[in-house]
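A.B. asks: This one is my_file15.cif, mmCIF, C-alpha atoms and all ligand atoms.
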```cif
data_my_file
#
loop_
_atom_site.group_PDB
_atom_site.id
_atom_site.type_symbol
_atom_site.label_atom_id
_atom_site.label_comp_id
_atom_site.auth_asym_id
_atom_site.auth_seq_id
_atom_site.Cartn_x
_atom_site.Cartn_y
_atom_site.Cartn_z
ATOM 1 C CA MET K 235 -8.037 -5.778 14.541
ATOM 2 C CA ASN K 236 -8.468 -4.444 10.996
ATOM 3 C CA ILE K 237 -6.389 -1.440 9.963
ATOM 4 C CA ILE K 238 -5.798 0.768 6.938
ATOM 5 C CA LEU K 239 -2.357 2.102 6.000
ATOM 6 C CA LEU K 240 -3.104 5.366 4.228
ATOM 7 C CA GLY K 241 -0.476 7.462 2.477
ATOM 8 C CA PRO K 242 0.904 8.572 -0.876
ATOM 9 C CA PRO K 243 3.034 6.386 -3.171
ATOM 10 C CA GLY K 244 6.319 5.595 -1.431
ATOM 11 C CA ALA K 245 5.037 6.471 2.052
ATOM 12 C CA GLY K 246 6.139 3.025 3.277
ATOM 13 C CA LYS K 247 2.776 1.234 3.392
ATOM 14 C CA GLY K 248 4.082 -2.026 1.924
ATOM 15 C CA THR K 249 7.234 -1.998 4.075
ATOM 16 C CA GLN K 250 5.276 -1.558 7.304
ATOM 17 C CA ALA K 251 2.517 -3.987 6.270
ATOM 18 C CA ARG K 252 5.072 -6.769 5.798
ATOM 19 C CA HIS K 253 6.451 -6.101 9.259
ATOM 20 C CA LEU K 254 2.973 -6.388 10.786
ATOM 21 C CA VAL K 255 2.421 -9.670 8.923
ATOM 22 C CA ASP K 256 5.710 -11.069 10.285
ATOM 23 C CA THR K 257 5.332 -9.873 13.863
ATOM 24 C CA ARG K 258 1.575 -9.990 14.473
ATOM 25 C CA GLY K 259 0.286 -12.590 12.043
ATOM 26 C CA MET K 260 -1.972 -10.064 10.351
ATOM 27 C CA VAL K 261 -3.120 -10.548 6.736
ATOM 28 C CA GLN K 262 -1.926 -7.970 4.185
ATOM 29 C CA LEU K 263 -4.411 -7.026 1.479
ATOM 30 C CA SER K 264 -2.560 -4.862 -1.057
ATOM 31 C CA THR K 265 -4.677 -4.047 -4.100
ATOM 32 C CA GLY K 266 -1.494 -2.929 -5.921
ATOM 33 C CA ASP K 267 0.069 -6.394 -5.383
ATOM 34 C CA MET K 268 -3.171 -8.111 -6.456
ATOM 35 C CA LEU K 269 -3.304 -6.035 -9.647
ATOM 36 C CA ARG K 270 0.376 -6.764 -10.401
ATOM 37 C CA ASP K 271 -0.305 -10.489 -9.867
ATOM 38 C CA ALA K 272 -3.216 -10.240 -12.325
ATOM 39 C CA MET K 273 -0.894 -8.592 -14.867
ATOM 40 C CA ALA K 274 1.781 -11.260 -14.383
ATOM 41 C CA SER K 275 -0.785 -14.045 -14.862
ATOM 42 C CA GLY K 276 -1.813 -12.551 -18.220
ATOM 43 C CA SER K 277 -5.526 -12.529 -17.270
ATOM 44 C CA GLU K 278 -8.000 -10.342 -19.175
ATOM 45 C CA MET K 279 -8.330 -8.061 -16.150
ATOM 46 C CA GLY K 280 -4.520 -7.860 -15.873
ATOM 47 C CA LYS K 281 -4.256 -6.786 -19.513
ATOM 48 C CA LYS K 282 -6.984 -4.209 -18.993
ATOM 49 C CA VAL K 283 -5.241 -2.505 -16.045
ATOM 50 C CA ALA K 284 -1.602 -2.683 -17.223
ATOM 51 C CA LYS K 285 -1.537 0.624 -19.120
ATOM 52 C CA ILE K 286 -3.538 2.453 -16.449
ATOM 53 C CA MET K 287 -1.141 1.352 -13.705
ATOM 54 C CA GLU K 288 1.973 2.099 -15.691
ATOM 55 C CA ALA K 289 0.678 5.636 -16.279
ATOM 56 C CA GLY K 290 0.002 6.022 -12.552
ATOM 57 C CA GLN K 291 -3.775 6.420 -12.748
ATOM 58 C CA LEU K 292 -6.279 4.672 -10.516
ATOM 59 C CA VAL K 293 -8.050 1.608 -11.854
ATOM 60 C CA THR K 294 -11.842 1.510 -11.488
ATOM 61 C CA ASP K 295 -13.521 1.191 -8.101
ATOM 62 C CA GLU K 296 -15.444 -1.807 -9.426
ATOM 63 C CA ILE K 297 -12.268 -3.828 -10.108
ATOM 64 C CA VAL K 298 -10.522 -3.142 -6.780
ATOM 65 C CA ILE K 299 -13.672 -3.570 -4.681
ATOM 66 C CA GLY K 300 -14.172 -6.927 -6.429
ATOM 67 C CA LEU K 301 -10.602 -7.962 -5.550
ATOM 68 C CA ILE K 302 -11.055 -7.068 -1.885
ATOM 69 C CA GLU K 303 -14.435 -8.790 -1.734
ATOM 70 C CA GLU K 304 -12.830 -12.018 -3.012
ATOM 71 C CA ARG K 305 -10.205 -11.967 -0.243
ATOM 72 C CA LEU K 306 -12.228 -10.747 2.720
ATOM 73 C CA ASN K 307 -13.523 -13.554 4.844
ATOM 74 C CA ALA K 308 -13.995 -14.378 8.479
ATOM 75 C CA GLU K 309 -10.539 -16.066 8.604
ATOM 76 C CA SER K 310 -8.593 -12.891 9.172
ATOM 77 C CA GLY K 311 -6.338 -14.271 11.923
ATOM 78 C CA ALA K 312 -5.023 -11.280 13.817
ATOM 79 C CA GLY K 313 -6.783 -8.934 11.389
ATOM 80 C CA PHE K 314 -6.495 -7.415 7.938
ATOM 81 C CA ILE K 315 -4.081 -4.681 6.889
ATOM 82 C CA PHE K 316 -5.541 -2.740 3.991
ATOM 83 C CA ASP K 317 -2.517 -1.461 2.035
ATOM 84 C CA GLY K 318 -3.372 0.930 -0.797
ATOM 85 C CA PHE K 319 -7.113 0.384 -0.350
ATOM 86 C CA PRO K 320 -9.429 2.267 -0.060
ATOM 87 C CA ARG K 321 -8.281 5.045 -2.383
ATOM 88 C CA THR K 322 -11.604 6.782 -3.074
ATOM 89 C CA LEU K 323 -14.650 7.620 -0.987
ATOM 90 C CA ALA K 324 -16.653 4.995 -2.917
ATOM 91 C CA GLN K 325 -14.042 2.368 -1.959
ATOM 92 C CA ALA K 326 -14.188 3.492 1.690
ATOM 93 C CA ASP K 327 -17.976 3.090 1.749
ATOM 94 C CA ALA K 328 -17.701 -0.310 0.073
ATOM 95 C CA LEU K 329 -15.133 -1.450 2.650
ATOM 96 C CA ALA K 330 -17.367 -0.407 5.534
ATOM 97 C CA ALA K 331 -20.249 -2.374 4.011
ATOM 98 C CA LEU K 332 -18.106 -5.483 3.363
ATOM 99 C CA LEU K 333 -16.760 -5.478 6.926
ATOM 100 C CA ALA K 334 -20.246 -4.978 8.367
ATOM 101 C CA LYS K 335 -21.464 -7.989 6.376
ATOM 102 C CA LEU K 336 -18.788 -10.078 8.116
ATOM 103 C CA GLY K 337 -19.673 -8.629 11.523
ATOM 104 C CA GLN K 338 -16.280 -6.882 11.625
ATOM 105 C CA SER K 339 -15.168 -3.283 11.895
ATOM 106 C CA LEU K 340 -12.237 -1.020 11.307
ATOM 107 C CA HIS K 341 -9.956 -0.449 14.270
ATOM 108 C CA THR K 342 -7.629 2.306 13.087
ATOM 109 C CA VAL K 343 -6.551 4.219 10.003
ATOM 110 C CA ILE K 344 -2.850 4.978 10.133
ATOM 111 C CA GLU K 345 -2.014 8.037 8.078
ATOM 112 C CA MET K 346 1.633 7.870 7.028
ATOM 113 C CA ARG K 347 2.718 11.495 6.687
ATOM 114 C CA VAL K 348 5.596 12.229 4.339
ATOM 115 C CA ASP K 349 6.517 15.121 2.078
ATOM 116 C CA ASP K 350 6.671 14.915 -1.691
ATOM 117 C CA ASP K 351 10.418 15.631 -1.902
ATOM 118 C CA ALA K 352 11.259 12.389 -0.108
ATOM 119 C CA LEU K 353 9.043 10.328 -2.382
ATOM 120 C CA VAL K 354 11.006 10.679 -5.631
ATOM 121 C CA ALA K 355 14.124 9.229 -3.985
ATOM 122 C CA ARG K 356 12.139 6.442 -2.347
ATOM 123 C CA ILE K 357 10.323 5.414 -5.509
ATOM 124 C CA THR K 358 13.245 5.602 -7.918
ATOM 125 C CA GLY K 359 15.471 3.581 -5.541
ATOM 126 C CA ARG K 360 12.970 0.812 -4.801
ATOM 127 C CA PHE K 361 13.327 -2.819 -5.838
ATOM 128 C CA THR K 362 11.409 -5.876 -4.675
ATOM 129 C CA CYS K 363 12.044 -9.594 -4.386
ATOM 130 C CA GLY K 364 10.002 -11.253 -7.135
ATOM 131 C CA SER K 365 9.726 -14.398 -5.053
ATOM 132 C CA CYS K 366 8.677 -13.334 -1.519
ATOM 133 C CA GLY K 367 7.843 -9.645 -2.092
ATOM 134 C CA GLU K 368 10.378 -8.196 0.361
ATOM 135 C CA VAL K 369 10.811 -4.464 -0.368
ATOM 136 C CA TYR K 370 14.309 -2.946 -0.688
ATOM 137 C CA HIS K 371 15.891 0.395 -1.500
ATOM 138 C CA ASP K 372 19.232 1.126 -3.163
ATOM 139 C CA GLU K 373 20.274 3.420 -0.307
ATOM 140 C CA THR K 374 17.997 3.095 2.713
ATOM 141 C CA LYS K 375 17.469 -0.682 2.611
ATOM 142 C CA PRO K 376 19.974 -2.488 0.404
ATOM 143 C CA ALA K 377 20.154 -6.296 0.387
ATOM 144 C CA ALA K 378 23.033 -7.668 2.523
ATOM 145 C CA VAL K 379 24.387 -9.492 -0.543
ATOM 146 C CA GLU K 380 23.768 -7.464 -3.688
ATOM 147 C CA GLY K 381 21.130 -9.070 -5.919
ATOM 148 C CA THR K 382 20.078 -11.698 -3.351
ATOM 149 C CA CYS K 383 17.003 -11.462 -1.125
ATOM 150 C CA ASP K 384 17.911 -11.415 2.602
ATOM 151 C CA LYS K 385 14.672 -13.134 3.418
ATOM 152 C CA CYS K 386 14.288 -16.016 0.952
ATOM 153 C CA GLY K 387 17.607 -16.139 -0.954
ATOM 154 C CA SER K 388 15.994 -15.543 -4.364
ATOM 155 C CA THR K 389 17.994 -13.615 -6.983
ATOM 156 C CA ASP K 390 14.824 -12.550 -8.826
ATOM 157 C CA MET K 391 14.879 -8.833 -7.939
ATOM 158 C CA LYS K 392 12.394 -6.612 -9.764
ATOM 159 C CA ARG K 393 11.732 -2.912 -10.358
ATOM 160 C CA ARG K 394 8.174 -1.723 -10.974
ATOM 161 C CA ALA K 395 7.152 -0.321 -14.373
ATOM 162 C CA ASP K 396 5.432 2.632 -12.639
ATOM 163 C CA ASP K 397 8.487 3.559 -10.518
ATOM 164 C CA ASN K 398 9.668 6.502 -12.598
ATOM 165 C CA GLU K 399 9.298 10.267 -12.140
ATOM 166 C CA ASP K 400 6.593 10.732 -14.814
ATOM 167 C CA SER K 401 4.325 8.066 -13.400
ATOM 168 C CA LEU K 402 5.022 9.229 -9.842
ATOM 169 C CA ARG K 403 3.799 12.739 -10.729
ATOM 170 C CA THR K 404 0.497 11.266 -11.948
ATOM 171 C CA ARG K 405 0.255 8.941 -8.922
ATOM 172 C CA LEU K 406 0.739 11.899 -6.578
ATOM 173 C CA MET K 407 -1.894 13.950 -8.405
ATOM 174 C CA GLU K 408 -4.326 11.008 -8.180
ATOM 175 C CA TYR K 409 -3.530 10.732 -4.467
ATOM 176 C CA TYR K 410 -4.239 14.393 -3.735
ATOM 177 C CA LYS K 411 -7.390 14.527 -5.886
ATOM 178 C CA LYS K 412 -9.035 11.212 -5.034
ATOM 179 C CA THR K 413 -7.423 9.639 -1.965
ATOM 180 C CA SER K 414 -6.510 12.506 0.357
ATOM 181 C CA PRO K 415 -10.235 13.300 1.013
ATOM 182 C CA LEU K 416 -10.200 10.026 2.977
ATOM 183 C CA ILE K 417 -8.071 11.752 5.627
ATOM 184 C CA GLY K 418 -11.010 14.020 6.471
ATOM 185 C CA TYR K 419 -13.469 11.165 6.134
ATOM 186 C CA TYR K 420 -11.687 8.974 8.711
ATOM 187 C CA TYR K 421 -10.801 11.944 10.927
ATOM 188 C CA ALA K 422 -14.506 12.751 11.187
ATOM 189 C CA LYS K 423 -15.212 9.148 12.173
ATOM 190 C CA GLY K 424 -12.532 9.362 14.895
ATOM 191 C CA ASP K 425 -10.457 6.568 13.327
ATOM 192 C CA LEU K 426 -7.423 8.521 12.088
ATOM 193 C CA ARG K 427 -3.966 8.194 13.703
ATOM 194 C CA PRO K 428 -1.131 10.077 11.979
ATOM 195 C CA VAL K 429 2.477 8.841 12.153
ATOM 196 C CA ASN K 430 5.640 10.494 10.876
ATOM 197 C CA GLY K 431 6.524 8.470 7.775
ATOM 198 C CA LEU K 432 9.709 10.472 7.205
ATOM 199 C CA ALA K 433 11.530 8.842 10.104
ATOM 200 C CA ASP K 434 13.769 5.765 9.674
ATOM 201 C CA ILE K 435 11.976 2.510 8.869
ATOM 202 C CA ASP K 436 12.449 1.168 12.432
ATOM 203 C CA GLU K 437 11.167 4.391 13.995
ATOM 204 C CA VAL K 438 8.043 4.300 11.811
ATOM 205 C CA THR K 439 7.547 0.664 12.860
ATOM 206 C CA ALA K 440 7.786 1.735 16.513
ATOM 207 C CA SER K 441 5.274 4.589 16.030
ATOM 208 C CA ILE K 442 2.792 2.211 14.417
ATOM 209 C CA GLY K 443 3.358 -0.308 17.203
ATOM 210 C CA ALA K 444 2.577 2.410 19.762
ATOM 211 C CA VAL K 445 -0.641 3.343 17.954
ATOM 212 C CA LEU K 446 -1.786 -0.281 17.825
ATOM 213 C CA SER K 447 -0.988 -1.196 21.421
HETATM 214 P P1 LIG L 1 0.321 0.461 -5.081
HETATM 215 O O1 LIG L 1 1.060 -0.768 -5.353
HETATM 216 O O2 LIG L 1 -0.601 0.518 -3.921
HETATM 217 O O3 LIG L 1 1.350 1.654 -5.034
HETATM 218 P P2 LIG L 1 1.377 3.078 -4.256
HETATM 219 O O4 LIG L 1 0.224 3.467 -3.458
HETATM 220 O O5 LIG L 1 1.770 4.028 -5.314
HETATM 221 O O6 LIG L 1 2.382 2.879 -3.154
HETATM 222 P P3 LIG L 1 3.755 2.207 -3.270
HETATM 223 O O7 LIG L 1 3.602 0.714 -3.259
HETATM 224 O O8 LIG L 1 4.500 2.816 -4.421
HETATM 225 O O9 LIG L 1 4.464 2.725 -1.936
HETATM 226 P P4 LIG L 1 4.413 2.168 -0.462
HETATM 227 O O10 LIG L 1 3.728 3.176 0.386
HETATM 228 O O11 LIG L 1 3.941 0.755 -0.394
HETATM 229 O O12 LIG L 1 5.964 2.239 -0.132
HETATM 230 P P5 LIG L 1 7.051 1.078 0.096
HETATM 231 O O13 LIG L 1 6.876 0.460 1.430
HETATM 232 O O14 LIG L 1 7.134 0.177 -1.088
HETATM 233 O O15 LIG L 1 -0.543 0.859 -6.366
HETATM 234 C C1 LIG L 1 0.024 0.830 -7.657
HETATM 235 C C2 LIG L 1 -1.041 1.163 -8.705
HETATM 236 O O16 LIG L 1 -2.088 0.169 -8.654
HETATM 237 C C3 LIG L 1 -1.786 2.506 -8.517
HETATM 238 O O17 LIG L 1 -1.064 3.577 -9.074
HETATM 239 C C4 LIG L 1 -3.093 2.206 -9.248
HETATM 240 O O18 LIG L 1 -2.913 2.260 -10.649
HETATM 241 C C5 LIG L 1 -3.373 0.758 -8.867
HETATM 242 N N1 LIG L 1 -4.147 0.614 -7.629
HETATM 243 C C6 LIG L 1 -3.741 -0.024 -6.483
HETATM 244 N N2 LIG L 1 -4.698 0.019 -5.546
HETATM 245 C C7 LIG L 1 -5.738 0.705 -6.084
HETATM 246 C C8 LIG L 1 -6.998 1.110 -5.591
HETATM 247 N N3 LIG L 1 -7.398 0.817 -4.331
HETATM 248 N N4 LIG L 1 -7.817 1.822 -6.412
HETATM 249 C C9 LIG L 1 -7.460 2.118 -7.680
HETATM 250 N N5 LIG L 1 -6.247 1.780 -8.217
HETATM 251 C C10 LIG L 1 -5.400 1.078 -7.417
HETATM 252 O O19 LIG L 1 8.377 1.979 0.180
HETATM 253 C C11 LIG L 1 8.868 2.690 -0.958
HETATM 254 C C12 LIG L 1 10.415 2.680 -0.931
HETATM 255 O O20 LIG L 1 10.860 3.454 0.181
HETATM 256 C C13 LIG L 1 11.039 1.277 -0.729
HETATM 257 O O21 LIG L 1 12.206 1.210 -1.490
HETATM 258 C C14 LIG L 1 11.341 1.213 0.777
HETATM 259 O O22 LIG L 1 12.464 0.372 1.054
HETATM 260 C C15 LIG L 1 11.644 2.672 1.098
HETATM 261 N N6 LIG L 1 11.197 3.077 2.439
HETATM 262 C C16 LIG L 1 10.031 2.706 3.066
HETATM 263 N N7 LIG L 1 9.933 3.301 4.277
HETATM 264 C C17 LIG L 1 11.065 4.074 4.412
HETATM 265 C C18 LIG L 1 11.549 4.929 5.454
HETATM 266 N N8 LIG L 1 10.850 5.119 6.575
HETATM 267 N N9 LIG L 1 12.738 5.563 5.250
HETATM 268 C C19 LIG L 1 13.454 5.378 4.112
HETATM 269 N N10 LIG L 1 13.063 4.562 3.099
HETATM 270 C C20 LIG L 1 11.872 3.927 3.250
HETATM 271 MG MG MG L 2 3.178 -0.619 -1.795
#
```
Take the structure in this file and express it as structure tokens.
C.D. replies:
Amino acid sequence: MNIILLGPPGAGKGTQARHLVDTRGMVQLSTGDMLRDAMASGSEMGKKVAKIMEAGQLVTDEIVIGLIEERLNAESGAGFIFDGFPRTLAQADALAALLAKLGQSLHTVIEMRVDDDALVARITGRFTCGSCGEVYHDETKPAAVEGTCDKCGSTDMKRRADDNEDSLRTRLMEYYKKTSPLIGYYYAKGDLRPVNGLADIDEVTASIGAVLS
């Protein structure tokens, strides 16, 4: 079962994807995480995208489609979760073609509905474990022991360079201009399932579980 988590920055895509990995053995493909890994490794591509990401703009279709193509294979276990991909109609078409080449298809597109007011608080309060990637929030999901990851015990907690109000404004504008047309695209195909992303994390998890069962 291959699914897309679709929603604006801070909608909770990464949080819910990690839960699906833990509970269903699905494989998370987050283009944002892949691009951040490329930046951390100091690769040419990483250097090229750093400024674009920090400003909150989309990187080119060619780069992200290439990243997904490298990771997509027949060994998807319980299925792929596309987190933050596709983000343009060209990426959506490319994904359909890549899946078809593997004899696979898309099961569902989960649209995580939130309103913009909630997103500033979510984004500015977020921090992540640099070791295992667990996602936290200063208020809604603090670590049990401050500064230590509940999941792996690492003390390497990180905040993202693009998690500030200026960059968020650009990221939201990019979302509405380039990504939100995908809602209509997948609705027309009959694949779209909206969930209320404003509910508590556990309630959103339950709504997604209901959609997938
Ligand atoms: P990416 O990394 O994909 O970022 P994003 O889409 O902006 O989304 P976020 O990761 O910020 O939010 P999320 O929905 O995962 O929320 P999370 O679960 O962390 O992309 C970053 C950049 O990379 C882009 O701007 C672009 O430059 C580039 N890029 C990536 N993919 C690309 C592509 N396909 N094409 C072109 N460019 C691309 O949750 C947020 C916070 O809220 C956390 O603190 C969490 O604990 C908290 N939270 C989560 N759910 C809830 C809840 N229900 N209630 C309360 N708090 C909650
Ligand atoms: Mg994310």
A.B. asks: Between CA of Ala284 in chain K and CA of Thr413 in chain K, what distance in Å does the model show, to one decimal?
C.D. replies: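 Spanning CA of Ala284 in chain K to CA of Thr413 in chain K is a straight-line distance of 20.5 Å.
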A.B. asks: Give me the residues within 12 Å of Lys423 in chain K as a PyMOL selection string, counting only C-alpha atoms and dropping any in the same chain fewer than 5 places off.
C.D. replies: chain K and resi 326+330+340-343+416-418
A.B. asks: Compile the contact shell of range 401-404 of chain K as a PyMOL selection string: residues with an atom at most 7 Å away, counting only C-alpha atoms, same-chain residues fewer than 2 positions apart removed.
C.D. replies: chain K and resi 288-291+396-399+406-408
A.B. asks: List as an NGL selection string the protein and nucleic acid residues lying within 7 Å of ligand LIG 1 (chain L), with only C-alpha atoms and all ligand atoms counted.
C.D. replies: :K and (241-250 or 264-267 or 269 or 286-287 or 290-295 or 298 or 317-321 or 356-357 or 359-361 or 369-371 or 374-375 or 405 or 431-435 or 438)
A.B. asks: Assuming the chain letters and numbering stay as they are in my file, what does the PyMOL selection byres (((chain K and resi 387) around 12) and not hetatm) actually select? List them as a list in words.
C.D. replies: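 Selected by the PyMOL selection byres (((chain K and resi 387) around 12) and not hetatm) in this file: Cys363, Gly364, Ser365, Cys366, Gly367, Glu368, Ala377, Ala378, Val379, Glu380, Gly381, Thr382, Cys383, Asp384, Lys385, Cys386, Ser388, Thr389, Asp390 and Met391 of chain K.
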A.B. asks: Counting all atoms listed in the file, figure out which residue out of K:Gly311, K:Phe316, K:Gly280, K:Val261 gets nearest to ligand MG 2 (chain L).
C.D. replies: K:Phe316
A.B. asks: Once you add 6 Å to each side, what are the centre and edge lengths of the axis-aligned box holding all listed atoms of range 338-354 of chain K? One decimal in Å, as lines of an AutoDock Vina configuration file, if you can.
C.D. replies:
```
center_x = -2.5
center_y = 4.4
center_z = 4.3
size_x = 39.5
size_y = 34.5
size_z = 31.9
```
A.B. asks: Let me make sure I understand: among K:Gln338, K:Asn430, K:Gln325, K:Thr362, which one has the smallest atom-to-atom distance to ligand MG 2 (chain L) if we use all atoms listed in the file?
C.D. replies: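 Once distances to ligand MG 2 (chain L) are computed over all atoms listed in the file, the minimum belongs to K:Thr362.
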A.B. asks: So, counting only C-alpha atoms and all ligand atoms, which residue among K:Thr257, K:Lys282, K:Ala274, K:Leu240 is closest to ligand MG 2 (chain L)?
C.D. replies: K:Leu240
A.B. asks: Under the rule that all atoms listed in the file are counted, which of K:Leu332, K:Ile299, K:Ala440, K:Met268 is the nearest residue to ligand MG 2 (chain L)?
C.D. replies: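 Checking each candidate against ligand MG 2 (chain L), we get K:Met268 as the closest.
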A.B. asks: Measuring atom to atom with all atoms listed in the file, identify which of K:Asp400, K:Glu345, K:Glu373, K:Asp271 is nearest to Val429 in chain K.
C.D. replies: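 Answer, going by the shortest atom-to-atom distance: K:Glu345.
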A.B. asks: At what distance in Å, to one decimal, does atom MG of ligand MG 2 (chain L) lie from CA of Glu304 in chain K?
C.D. replies: 19.7 Å
A.B. asks: Could you check the closest approach to ligand MG 2 (chain L) for each of K:Gly276, K:Ser339, K:Arg394, K:Pro376 and tell me which residue wins, using all atoms listed in the file?
C.D. replies: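 Of K:Gly276, K:Ser339, K:Arg394, K:Pro376, the one nearest ligand MG 2 (chain L) is K:Arg394, counting all atoms listed in the file.
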A.B. asks: Would you compute the distance between CA of Ser414 in chain K and CA of Asp372 in chain K? Give it in Å to one decimal.
C.D. replies: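 So the answer is 28.4 Å.
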